[in-house]
file input_27.csv (CSV, C-alpha atoms)
chain,number,residue,atom,x,y,z
A,1,THR,CA,26.0,25.1,-16.7
A,2,ARG,CA,24.2,23.6,-13.8
A,3,LEU,CA,26.4,21.5,-11.7
A,4,VAL,CA,25.5,19.0,-8.9
A,5,GLY,CA,28.5,18.8,-6.6
A,6,SER,CA,28.8,15.3,-5.3
A,7,GLU,CA,31.2,14.8,-2.3
A,8,MET,CA,31.9,11.2,-1.6
A,9,CYS,CA,33.2,10.0,1.7
A,10,ILE,CA,32.8,6.8,3.7
A,11,ARG,CA,30.9,7.0,7.0
A,12,ASP,CA,34.2,8.1,8.4
A,13,ARG,CA,35.5,9.5,5.1
A,14,VAL,CA,36.9,7.8,1.9
A,15,TYR,CA,39.1,5.8,4.3
A,16,ASN,CA,40.0,2.2,3.7
A,17,VAL,CA,36.8,1.4,1.8
A,18,PRO,CA,36.5,-2.1,0.5
A,19,VAL,CA,37.4,-2.0,-3.2
A,20,ASN,CA,34.1,-3.4,-4.4
A,21,TYR,CA,32.0,-0.9,-2.4
A,22,LEU,CA,34.2,2.0,-3.5
A,23,ARG,CA,34.1,1.1,-7.2
A,24,THR,CA,30.3,0.6,-7.1
A,25,CYS,CA,29.9,4.0,-5.5
A,26,VAL,CA,32.1,6.0,-7.9
A,27,GLU,CA,30.7,4.2,-10.9
A,28,SER,CA,27.1,5.0,-9.8
A,29,LEU,CA,28.1,8.7,-9.8
A,30,MET,CA,29.8,8.5,-13.2
A,31,ALA,CA,26.6,6.9,-14.6
A,32,GLN,CA,24.3,9.8,-13.7
A,33,THR,CA,21.9,10.8,-16.5
A,34,LEU,CA,22.7,14.4,-15.7
A,35,ARG,CA,26.1,14.7,-17.3
A,36,GLU,CA,27.0,18.3,-16.2
A,37,ILE,CA,28.1,17.3,-12.7
A,38,GLU,CA,31.2,17.7,-10.6
A,39,ILE,CA,32.3,14.6,-8.5
A,40,ILE,CA,34.6,15.4,-5.6
A,41,LEU,CA,36.3,12.4,-3.9
A,42,VAL,CA,37.7,13.2,-0.5
A,43,ASP,CA,40.5,10.8,0.5
A,44,ASP,CA,40.7,11.3,4.2
A,45,GLY,CA,44.2,9.9,4.8
A,46,SER,CA,43.5,6.3,3.6
A,47,THR,CA,46.1,3.7,4.5
A,48,ASP,CA,45.1,1.2,1.8
A,49,ASP,CA,44.6,1.7,-2.0
A,50,SER,CA,41.4,3.8,-1.7
A,51,GLY,CA,43.3,7.0,-2.6
A,52,LYS,CA,44.9,5.4,-5.6
A,53,ILE,CA,41.6,4.1,-6.8
A,54,CYS,CA,40.1,7.6,-6.6
A,55,ASP,CA,43.1,8.9,-8.7
A,56,GLU,CA,42.5,6.1,-11.2
A,57,TYR,CA,38.9,7.3,-11.7
A,58,ALA,CA,39.9,10.9,-11.9
A,59,GLY,CA,42.2,9.9,-14.8
A,60,ARG,CA,39.3,8.3,-16.6
A,61,ASP,CA,36.7,11.1,-16.1
A,62,GLU,CA,37.5,14.8,-16.2
A,63,ARG,CA,34.4,15.5,-14.0
A,64,ILE,CA,36.1,13.8,-11.0
A,65,ARG,CA,38.3,15.8,-8.7
A,66,VAL,CA,40.2,14.1,-5.8
A,67,ILE,CA,41.2,15.8,-2.6
A,68,HIS,CA,43.8,14.0,-0.5
A,69,LYS,CA,43.9,15.2,3.0
A,70,GLU,CA,45.2,14.2,6.4
A,71,ASN,CA,42.9,12.0,8.4
A,72,GLY,CA,40.3,14.3,10.2
A,73,GLY,CA,37.1,12.2,10.4
A,74,LEU,CA,33.8,12.0,8.5
A,75,SER,CA,32.6,15.5,9.4
A,76,ALA,CA,35.8,17.2,8.4
A,77,ALA,CA,35.9,15.2,5.1
A,78,ARG,CA,32.4,16.3,4.2
A,79,ASN,CA,33.1,19.9,5.0
A,80,THR,CA,36.2,19.8,2.8
A,81,GLY,CA,34.1,18.5,-0.1
A,82,VAL,CA,31.3,21.1,0.4
A,83,ARG,CA,33.8,24.0,0.6
A,84,ALA,CA,35.5,22.9,-2.6
A,85,ALA,CA,32.2,22.4,-4.5
A,86,LEU,CA,31.4,24.7,-7.4
A,87,GLY,CA,27.9,23.5,-8.2
A,88,LYS,CA,24.7,25.2,-7.5
A,89,TRP,CA,23.5,22.0,-5.7
A,90,VAL,CA,25.5,19.8,-3.4
A,91,MET,CA,24.9,16.1,-2.6
A,92,LEU,CA,26.7,13.9,0.0
A,93,VAL,CA,27.3,10.2,-0.8
A,94,ASP,CA,29.2,7.9,1.5
A,95,GLY,CA,31.9,5.8,-0.1
A,96,ASP,CA,30.3,2.4,0.6
A,97,ASP,CA,26.9,3.5,-0.7
A,98,TRP,CA,25.5,4.2,-4.2
A,99,ILE,CA,22.7,6.1,-6.0
A,100,GLU,CA,20.4,5.4,-8.8
A,101,PRO,CA,21.3,6.8,-12.3
A,102,GLU,CA,18.5,9.4,-12.4
A,103,THR,CA,19.1,10.8,-8.9
A,104,CYS,CA,21.0,14.0,-9.9
A,105,MET,CA,18.7,14.7,-12.9
A,106,GLU,CA,15.4,14.2,-11.1
A,107,ALA,CA,16.3,15.6,-7.7
A,108,SER,CA,17.7,18.9,-9.1
A,109,ARG,CA,14.9,19.3,-11.6
A,110,GLU,CA,12.2,18.8,-8.9
A,111,GLY,CA,14.2,21.1,-6.6
A,112,GLU,CA,14.3,23.9,-9.2
A,113,ARG,CA,10.6,23.4,-9.9
A,114,GLY,CA,9.7,23.7,-6.2
A,115,ASN,CA,12.2,26.5,-5.6
A,116,ALA,CA,13.5,24.4,-2.7
A,117,GLN,CA,16.6,24.9,-0.6
A,118,ILE,CA,16.7,21.2,0.4
A,119,VAL,CA,15.4,18.1,-1.4
A,120,CYS,CA,15.0,14.9,0.6
A,121,TRP,CA,14.2,11.4,-0.6
A,122,GLU,CA,14.0,7.7,0.6
A,123,ILE,CA,16.8,5.2,1.5
A,124,ILE,CA,17.1,1.5,0.7
A,125,LYS,CA,19.1,-0.3,3.3
A,126,ASP,CA,21.0,-3.2,1.6
A,127,PHE,CA,22.2,-6.0,3.9
A,128,GLY,CA,23.3,-8.2,0.9
A,129,TYR,CA,20.9,-11.0,1.7
A,130,LYS,CA,17.9,-8.6,1.9
A,131,LYS,CA,16.9,-5.0,1.3
A,132,ILE,CA,14.8,-2.8,3.6
A,133,LEU,CA,12.9,0.2,2.4
A,134,LEU,CA,13.2,3.0,4.9
A,135,ASN,CA,9.9,4.7,4.3
A,136,ALA,CA,9.5,8.3,5.5
A,137,GLU,CA,6.1,8.8,3.8
A,138,LYS,CA,4.2,8.0,7.0
A,139,TYR,CA,5.4,11.4,8.2
A,140,LEU,CA,5.9,13.3,5.0
A,141,GLU,CA,3.8,13.9,1.9
A,142,ASP,CA,5.3,13.0,-1.5
A,143,GLY,CA,5.9,16.1,-3.7
A,144,LYS,CA,5.1,18.5,-0.9
A,145,VAL,CA,7.2,21.7,-0.4
A,146,TYR,CA,7.3,22.4,3.3
A,147,GLN,CA,7.4,26.1,3.8
A,148,GLY,CA,8.1,28.5,6.7
A,149,GLU,CA,6.9,27.2,10.0
A,150,GLU,CA,6.3,23.8,8.4
A,151,CYS,CA,10.1,23.3,8.4
A,152,SER,CA,9.9,23.3,12.2
A,153,TYR,CA,8.1,20.0,11.9
A,154,LEU,CA,11.0,18.6,9.9
A,155,GLN,CA,13.3,19.6,12.7
A,156,GLU,CA,11.2,17.6,15.1
A,157,LEU,CA,11.3,14.6,12.7
A,158,VAL,CA,15.2,14.6,13.0
A,159,LEU,CA,14.6,13.6,16.6
A,160,CYS,CA,12.1,10.9,15.6
A,161,PHE,CA,13.8,7.4,15.3
A,162,ASP,CA,11.8,6.1,12.3
A,163,SER,CA,11.3,9.3,10.3
A,164,TYR,CA,14.4,8.5,8.1
A,165,VAL,CA,15.3,12.2,7.5
A,166,THR,CA,18.1,12.1,9.9
A,167,GLU,CA,21.0,11.2,7.5
A,168,SER,CA,23.2,13.7,5.7
A,169,PRO,CA,23.0,11.7,2.5
A,170,ALA,CA,19.8,11.2,0.5
A,171,LYS,CA,19.5,15.0,0.3
A,172,LEU,CA,20.2,17.7,-2.1
A,173,PHE,CA,21.3,21.1,-0.7
A,174,LEU,CA,21.5,24.5,-2.4
A,175,ARG,CA,25.2,25.3,-1.8
A,176,GLU,CA,24.2,29.0,-1.4
A,177,TYR,CA,21.9,28.1,1.5
A,178,ILE,CA,24.7,26.1,3.3
A,179,VAL,CA,27.3,28.8,2.8
A,180,GLU,CA,25.2,31.8,3.7
A,181,ASN,CA,23.9,30.2,6.9
A,182,GLN,CA,27.3,28.5,7.7
A,183,ILE,CA,25.6,25.1,8.2
A,184,TYR,CA,28.6,22.8,8.1
A,185,HIS,CA,29.2,19.5,9.9
A,186,ASN,CA,30.8,19.9,13.3
A,187,ASP,CA,34.4,18.9,12.8
A,188,SER,CA,34.8,17.8,16.4
A,189,LEU,CA,32.1,15.2,16.0
A,190,ARG,CA,34.0,12.7,14.0
A,191,GLN,CA,31.3,10.0,14.1
A,192,GLY,CA,28.4,8.8,16.2
A,193,MET,CA,25.3,10.9,15.6
A,194,GLU,CA,27.0,13.6,13.6
A,195,GLY,CA,24.5,13.4,10.8
A,196,ILE,CA,21.6,13.9,13.2
A,197,GLU,CA,23.3,17.0,14.8
A,198,PHE,CA,23.9,18.4,11.3
A,199,CYS,CA,20.3,17.8,10.1
A,200,PHE,CA,18.9,19.4,13.2
A,201,ARG,CA,20.7,22.6,12.3
A,202,LEU,CA,20.0,22.1,8.6
A,203,PHE,CA,16.2,22.4,9.0
A,204,GLU,CA,16.3,25.1,11.6
A,205,LYS,CA,16.8,28.0,9.1
A,206,ALA,CA,15.1,26.4,6.1
A,207,ASP,CA,12.1,28.0,4.4
A,208,ARG,CA,11.4,25.6,1.6
A,209,VAL,CA,12.1,21.8,1.8
A,210,LEU,CA,10.8,19.3,-0.8
A,211,PHE,CA,10.2,15.7,0.0
A,212,LEU,CA,10.1,13.0,-2.7
A,213,ASN,CA,9.0,9.4,-2.1
A,214,ARG,CA,11.7,8.1,-4.4
A,215,TYR,CA,14.2,5.3,-3.5
A,216,TRP,CA,17.3,6.7,-5.0
A,217,TYR,CA,19.9,6.2,-2.2
A,218,HIS,CA,21.3,2.7,-1.4
A,219,TYR,CA,22.8,2.4,2.0
A,220,THR,CA,25.2,-0.6,2.0
A,221,PHE,CA,25.5,-2.3,5.3
A,222,ASN,CA,29.2,-2.9,6.0
A,223,LYS,CA,29.8,-4.8,9.2
A,224,ASP,CA,33.4,-3.5,9.3
A,225,SER,CA,32.3,0.1,9.1
A,226,ILE,CA,33.1,2.2,12.1
A,227,SER,CA,29.5,3.2,12.4
A,228,THR,CA,28.5,-0.4,13.1
A,229,CYS,CA,31.1,-1.0,15.8
A,230,THR,CA,30.2,-0.2,19.5
A,231,THR,CA,33.2,1.1,21.3
A,232,GLU,CA,33.7,3.3,24.3
A,233,LYS,CA,35.1,6.0,22.0
A,234,ASN,CA,32.2,5.8,19.7
A,235,ASN,CA,29.8,6.1,22.6
A,236,ASP,CA,31.7,9.2,23.8
A,237,TYR,CA,31.1,10.7,20.3
A,238,ILE,CA,27.4,9.9,20.6
A,239,ILE,CA,27.1,11.6,24.0
A,240,ARG,CA,28.9,14.7,22.6
A,241,CYS,CA,26.5,14.8,19.6
A,242,LEU,CA,23.6,14.6,22.0
A,243,GLU,CA,25.1,17.4,24.1
A,244,GLU,CA,25.4,19.6,21.0
A,245,ILE,CA,21.8,19.0,20.0
A,246,LYS,CA,20.7,19.8,23.5
A,247,SER,CA,22.6,23.1,23.4
A,248,ASN,CA,20.8,24.0,20.1
A,249,ILE,CA,17.4,23.1,21.7
A,250,GLN,CA,18.1,25.3,24.7
A,251,ARG,CA,18.4,28.3,22.4
A,252,SER,CA,15.3,27.5,20.4
A,253,PRO,CA,11.9,29.3,21.0
A,254,ARG,CA,10.4,25.8,20.6
A,255,LYS,CA,12.5,24.4,23.4
A,256,GLU,CA,9.8,22.6,25.4
A,257,GLN,CA,8.4,20.7,22.4
A,258,LEU,CA,11.8,19.8,21.0
A,259,MET,CA,13.1,18.7,24.4
A,260,SER,CA,10.3,16.1,24.6
A,261,TRP,CA,11.3,14.5,21.3
A,262,TYR,CA,15.0,14.8,22.3
A,263,LYS,CA,14.6,12.8,25.5
A,264,ASN,CA,12.6,10.2,23.6
A,265,ARG,CA,15.3,9.9,21.0
A,266,ILE,CA,17.8,9.1,23.7
A,267,LEU,CA,15.7,6.2,24.8
A,268,TYR,CA,16.2,4.7,21.3
A,269,VAL,CA,19.9,5.3,21.6
A,270,ILE,CA,19.9,3.3,24.9
A,271,VAL,CA,18.0,0.4,23.3
A,272,THR,CA,20.3,0.3,20.3
A,273,THR,CA,23.4,0.6,22.4
A,274,ALA,CA,22.2,-2.4,24.5
A,275,ILE,CA,20.9,-4.8,21.9
A,276,SER,CA,23.0,-3.9,18.9
A,277,GLY,CA,26.1,-3.0,20.9
A,278,TYR,CA,27.1,-4.3,24.3
A,279,PHE,CA,24.9,-7.3,24.2
A,280,HIS,CA,25.1,-8.2,20.6
A,281,PRO,CA,25.7,-12.0,20.3
A,282,GLU,CA,28.8,-11.5,18.1
A,283,SER,CA,30.6,-9.4,20.7
A,284,THR,CA,33.9,-11.1,21.8
A,285,ARG,CA,34.3,-9.1,25.0
A,286,PRO,CA,33.7,-11.0,28.3
A,287,PHE,CA,30.2,-10.6,29.6
A,288,LYS,CA,31.3,-8.9,32.8
A,289,GLU,CA,33.4,-6.4,30.9
A,290,ARG,CA,30.4,-5.5,28.6
A,291,CYS,CA,28.2,-5.1,31.7
A,292,ALA,CA,30.7,-2.7,33.2
A,293,GLY,CA,31.0,-0.7,30.0
A,294,PHE,CA,27.2,-0.4,29.6
A,295,CYS,CA,26.9,0.7,33.2
A,296,ARG,CA,29.4,3.5,32.6
A,297,PHE,CA,27.3,4.5,29.6
A,298,LEU,CA,24.1,4.6,31.7
A,299,GLU,CA,25.8,6.8,34.2
A,300,GLN,CA,26.1,9.7,31.7
A,301,PRO,CA,23.8,12.5,32.9
A,302,LEU,CA,21.9,12.8,29.6
A,303,ILE,CA,21.3,9.1,29.6
A,304,LYS,CA,20.2,8.9,33.2
A,305,GLU,CA,17.8,11.8,32.8
A,306,ALA,CA,16.1,10.3,29.7
A,307,LEU,CA,16.0,6.8,31.1
A,308,HIS,CA,13.8,7.9,34.0
A,309,GLN,CA,11.4,10.1,32.1
A,310,PRO,CA,7.8,8.9,32.2
A,311,GLU,CA,6.8,9.9,28.7
A,312,TYR,CA,7.1,7.7,25.6
A,313,LYS,CA,6.6,8.7,21.9
A,314,ASN,CA,6.3,6.0,19.2
A,315,ILE,CA,8.0,3.4,21.3
A,316,ASN,CA,6.7,-0.1,20.9
A,317,TRP,CA,6.3,-2.8,23.5
A,318,GLN,CA,9.5,-4.6,22.6
A,319,ARG,CA,11.6,-1.5,23.2
A,320,ARG,CA,9.7,-0.7,26.4
A,321,LEU,CA,10.6,-4.2,27.6
A,322,ILE,CA,14.2,-3.5,26.8
A,323,LEU,CA,14.1,-0.2,28.7
A,324,PHE,CA,12.5,-2.0,31.7
A,325,LEU,CA,15.4,-4.5,31.7
A,326,VAL,CA,17.9,-1.7,31.4
A,327,ARG,CA,16.4,0.2,34.3
A,328,HIS,CA,16.6,-2.9,36.5
A,329,ARG,CA,20.1,-3.8,35.3
A,330,MET,CA,18.8,-7.2,34.1
A,331,PHE,CA,21.7,-7.6,31.6
A,332,TRP,CA,21.5,-11.4,31.4
A,333,ALA,CA,18.0,-10.9,29.9
A,334,LEU,CA,19.4,-8.4,27.4
A,335,GLN,CA,21.9,-11.0,26.4
A,336,ILE,CA,19.2,-13.4,25.6
A,337,LEU,CA,17.1,-10.9,23.7
A,338,GLY,CA,20.2,-10.0,21.7
A,339,LYS,CA,20.6,-13.7,20.7
A,340,MET,CA,16.9,-14.0,19.8
A,341,ARG,CA,17.0,-10.9,17.7
A,342,GLN,CA,20.0,-12.1,15.8
A,343,ARG,CA,18.4,-15.5,15.2
A,344,GLN,CA,15.3,-13.8,13.9
A,345,LYS,CA,17.4,-11.8,11.4
A,346,LEU,CA,19.1,-15.0,10.2
A,347,ALA,CA,15.9,-16.9,9.8
A,348,LYS,CA,14.3,-14.0,7.8
A,349,SER,CA,17.4,-13.8,5.6
A,350,GLY,CA,17.4,-17.5,4.8
A,351,LYS,CA,20.9,-17.9,6.3
A,352,ILE,CA,19.7,-20.8,8.4
A,353,PRO,CA,19.3,-23.5,5.7
A,354,PHE,CA,17.9,-26.2,7.9
A,355,SER,CA,17.2,-27.2,11.5
A,356,ILE,CA,18.4,-30.3,13.3
A,357,ILE,CA,16.1,-31.4,16.2
call {"tool": "encode", "arguments": {"input": "input_27.csv", "output": "structure tokens"}}
result
Amino acid sequence: TRLVGSEMCIRDRVYNVPVNYLRTCVESLMAQTLREIEIILVDDGSTDDSGKICDEYAGRDERIRVIHKENGGLSAARNTGVRAALGKWVMLVDGDDWIEPETCMEASREGERGNAQIVCWEIIKDFGYKKILLNAEKYLEDGKVYQGEECSYLQELVLCFDSYVTESPAKLFLREYIVENQIYHNDSLRQGMEGIEFCFRLFEKADRVLFLNRYWYHYTFNKDSISTCTTEKNNDYIIRCLEEIKSNIQRSPRKEQLMSWYKNRILYVIVTTAISGYFHPESTRPFKERCAGFCRFLEQPLIKEALHQPEYKNINWQRRLILFLVRHRMFWALQILGKMRQRQKLAKSGKIPFSII
């Protein structure tokens, strides 16, 4: 029997997931048109009813197996699920996301047909009031099996901000490929850019990777998710992820080419940390405190080096403006840009019903 092992864990594990998100996720797995599947729910030490809800579903569907473990973070939870999986194929699904009913059937069938080790597809980002299609087709060809040296190109794309192949979900892996090459998530990287670090190693040894332009994975934006919160601790994890990626690049025969993309990716991290983090209009921290925190972030050696590089790849003028303001410590202007960006988002979403002049 062909099994598709499906490990489910929220960004930072199945941990205190809002009930409606968790139920939507699990029920989307149970509704797969491929019935011969194994569903592994990893409860990473939840302190709410998430674990009980997982047990409830296990009592309703014999294909569901629940693993309760002490809190260890997203990477450790994913590794727990992968090591416990029995299926030929393994898929990762975060606990606040969901997948289309045909995902397992179609992805595994196309993977078998292309003799692939990894199958990748598209992501829909759901903000509730609007959906955004994260389209990787501008870099990848639909239905193409990337072979041998072509997989090096995929490793480069992991460092490209808008390639959308950087997430651990929205992929199908041959379990044998993962186990034989010991390509697991780094347990010490609990959050931050742990998925990018994993995918960078994932494509390094791959020989056959299939890309499908199918929107099967729904990423649900959860404003309370730890991945959406900028904290000093989360920034530390991001730096550690970047350090791990750099270490891998240093050992690569394609070091020079990868390092150029790597430094460029850090520039995007700086922009995101500024506008969506420290100078986000919904931040409740005093402005001076946020400025001090951002300055500490900018003093990290990796950040300083990237910030002063002369080369840009695929960076538009808006982001270049932000980087100019960052270099000159014009944080008041970043605060204004953060408010303007938030207002644009609200206007596009229809959340501003009328204007009073």
call {"tool": "atom_distance", "arguments": {"input": "input_27.csv", "atom1": "atom CA of Val93 of chain A", "atom2": "atom CA of Leu29 of chain A"}}
result
9.2 Å
call {"tool": "closest_atom_pairs", "arguments": {"input": "input_27.csv", "of": "segment 162-229 of chain A", "to": "segment 67-82 of chain A", "cutoff": "6 Å", "atoms": "all atoms listed in the file", "output": "CSV"}}
result
residue,atom,partner,partner_atom,distance
A:His185,CA,A:Ser75,CA,5.3
A:Asp187,CA,A:Ala76,CA,4.9
A:Arg190,CA,A:Gly73,CA,4.8
call {"tool": "atom_distance", "arguments": {"input": "input_27.csv", "atom1": "atom CA of Ile183 of chain A", "atom2": "atom CA of Ser28 of chain A"}}
result
27.0 Å
call {"tool": "closest_residue", "arguments": {"input": "input_27.csv", "among": "A:Asn135, A:Asn115, A:Ser276, A:Ser50", "to": "Ile322 of chain A", "atoms": "all atoms listed in the file"}}
result
A:Ser276
call {"tool": "residues_around", "arguments": {"input": "input_27.csv", "residues": "Val119 of chain A", "least_positions_apart": "3", "cutoff": "8 Å", "atoms": "only C-alpha atoms", "output": "ChimeraX atom specification"}}
result
/A:107,111,116,171-173,209-212
call {"tool": "atom_distance", "arguments": {"input": "input_27.csv", "atom1": "atom CA of Ala306 of chain A", "atom2": "atom CA of Phe324 of chain A"}}
result
13.0 Å
call {"tool": "closest_residue", "arguments": {"input": "input_27.csv", "among": "A:Pro18, A:Val271, A:Thr284, A:Asp96", "to": "Thr47 of chain A", "atoms": "all atoms listed in the file"}}
result
A:Pro18
call {"tool": "residues_around", "arguments": {"input": "input_27.csv", "residues": "His328 of chain A", "least_positions_apart": "5", "cutoff": "12 Å", "atoms": "only C-alpha atoms", "output": "number ranges by chain"}}
result
A: 295, 298, 307-308, 321-323, 333-334
call {"tool": "write_last_selection", "arguments": {"input": "input_27.csv", "atoms": "C-alpha atoms", "output": "mmCIF file, keeping the file's coordinate frame"}}
result
data_model
loop_
_atom_site.group_PDB
_atom_site.id
_atom_site.type_symbol
_atom_site.label_atom_id
_atom_site.label_comp_id
_atom_site.auth_asym_id
_atom_site.auth_seq_id
_atom_site.Cartn_x
_atom_site.Cartn_y
_atom_site.Cartn_z
ATOM 1 C CA CYS A 295 26.900 0.700 33.200
ATOM 2 C CA LEU A 298 24.100 4.600 31.700
ATOM 3 C CA LEU A 307 16.000 6.800 31.100
ATOM 4 C CA HIS A 308 13.800 7.900 34.000
ATOM 5 C CA LEU A 321 10.600 -4.200 27.600
ATOM 6 C CA ILE A 322 14.200 -3.500 26.800
ATOM 7 C CA LEU A 323 14.100 -0.200 28.700
ATOM 8 C CA ALA A 333 18.000 -10.900 29.900
ATOM 9 C CA LEU A 334 19.400 -8.400 27.400
#
call {"tool": "closest_residue", "arguments": {"input": "input_27.csv", "among": "A:Ala274, A:Met259, A:Ile124, A:Val179", "to": "Trp98 of chain A", "atoms": "all atoms listed in the file"}}
result
A:Ile124
call {"tool": "residues_around", "arguments": {"input": "input_27.csv", "residues": "Asn20 of chain A", "least_positions_apart": "3", "cutoff": "12 Å", "atoms": "all atoms listed in the file", "output": "CSV table (one decimal) with C-alpha atoms, in the frame of the given file"}}
result
chain,number,residue,atom,x,y,z
A,16,ASN,CA,40.0,2.2,3.7
A,17,VAL,CA,36.8,1.4,1.8
A,23,ARG,CA,34.1,1.1,-7.2
A,24,THR,CA,30.3,0.6,-7.1
A,25,CYS,CA,29.9,4.0,-5.5
A,26,VAL,CA,32.1,6.0,-7.9
A,27,GLU,CA,30.7,4.2,-10.9
A,49,ASP,CA,44.6,1.7,-2.0
A,50,SER,CA,41.4,3.8,-1.7
A,53,ILE,CA,41.6,4.1,-6.8
A,95,GLY,CA,31.9,5.8,-0.1
A,96,ASP,CA,30.3,2.4,0.6
A,97,ASP,CA,26.9,3.5,-0.7
A,98,TRP,CA,25.5,4.2,-4.2
A,220,THR,CA,25.2,-0.6,2.0
A,222,ASN,CA,29.2,-2.9,6.0
call {"tool": "closest_residue", "arguments": {"input": "input_27.csv", "among": "A:Ile238, A:Val90, A:Ile178, A:Val145", "to": "Gly114 of chain A", "atoms": "only C-alpha atoms"}}
result
A:Val145
call {"tool": "residues_around", "arguments": {"input": "input_27.csv", "residues": "Tyr177 of chain A", "least_positions_apart": "3", "cutoff": "9 Å", "atoms": "only C-alpha atoms", "output": "list in words"}}
result
Gln117, Ile118, Phe173, Leu174, Glu180, Asn181, Gln182, Ile183 and Ala206 of chain A
call {"tool": "residues_near_point", "arguments": {"input": "input_27.csv", "point": "(40.8, 9.1, -11.4)", "cutoff": "12 Å", "atoms": "all atoms listed in the file", "output": "number ranges by chain"}}
result
A: 23, 26-27, 30, 39-41, 50-67
call {"tool": "closest_residue", "arguments": {"input": "input_27.csv", "among": "A:Leu202, A:Val269, A:Ile239, A:Ala31", "to": "Glu102 of chain A", "atoms": "all atoms listed in the file"}}
result
A:Ala31
call {"tool": "closest_residue", "arguments": {"input": "input_27.csv", "among": "A:Leu189, A:Cys241, A:Ile37, A:Ala136", "to": "Ser163 of chain A", "atoms": "all atoms listed in the file"}}
result
A:Ala136
call {"tool": "residues_around", "arguments": {"input": "input_27.csv", "residues": "Glu167 of chain A", "least_positions_apart": "6", "cutoff": "8 Å", "atoms": "only C-alpha atoms", "output": "PyMOL selection string"}}
result
chain A and resi 195-196+199
call {"tool": "write_last_selection", "arguments": {"input": "input_27.csv", "atoms": "C-alpha atoms", "output": "PDB file, in the coordinates of the input"}}
result
ATOM      1  CA  GLY A 195      24.500  13.400  10.800  1.00  0.00           C
ATOM      2  CA  ILE A 196      21.600  13.900  13.200  1.00  0.00           C
ATOM      3  CA  CYS A 199      20.300  17.800  10.100  1.00  0.00           C
TER       4      CYS A 199
END
call {"tool": "decode", "arguments": {"input": "input_27.csv", "residues": "segment 299-311 of chain A", "atoms": "N, CA and C atoms", "output": "compact mmCIF listing (two decimals), in the first residue's frame"}}
result
# COMPACT_ATOMS: atom_id res chain seq x y z
N GLU A 299 23.97 45.72 14.21
CA GLU A 299 25.37 45.55 14.59
C GLU A 299 25.85 44.11 14.46
N GLN A 300 24.94 43.18 14.17
CA GLN A 300 25.36 41.80 13.95
C GLN A 300 26.30 41.75 12.75
N PRO A 301 27.43 41.05 12.87
CA PRO A 301 28.43 41.04 11.77
C PRO A 301 27.85 40.66 10.41
N LEU A 302 26.99 39.66 10.36
CA LEU A 302 26.41 39.25 9.09
C LEU A 302 25.56 40.36 8.48
N ILE A 303 24.82 41.05 9.33
CA ILE A 303 23.95 42.13 8.87
C ILE A 303 24.78 43.31 8.38
N LYS A 304 25.80 43.69 9.14
CA LYS A 304 26.66 44.82 8.75
C LYS A 304 27.33 44.57 7.41
N GLU A 305 27.83 43.34 7.23
CA GLU A 305 28.53 43.01 5.98
C GLU A 305 27.60 43.12 4.77
N ALA A 306 26.40 42.55 4.92
CA ALA A 306 25.44 42.57 3.80
C ALA A 306 24.95 43.98 3.51
N LEU A 307 24.74 44.76 4.56
CA LEU A 307 24.17 46.09 4.40
C LEU A 307 25.09 47.01 3.58
N HIS A 308 26.38 46.75 3.62
CA HIS A 308 27.32 47.63 2.93
C HIS A 308 27.85 47.03 1.64
N GLN A 309 27.20 45.98 1.16
CA GLN A 309 27.62 45.43 -0.13
C GLN A 309 27.04 46.30 -1.26
N PRO A 310 27.77 46.43 -2.37
CA PRO A 310 27.31 47.30 -3.46
C PRO A 310 26.34 46.62 -4.43
N GLU A 311 26.26 45.29 -4.39
CA GLU A 311 25.50 44.57 -5.41
C GLU A 311 24.07 44.28 -4.96
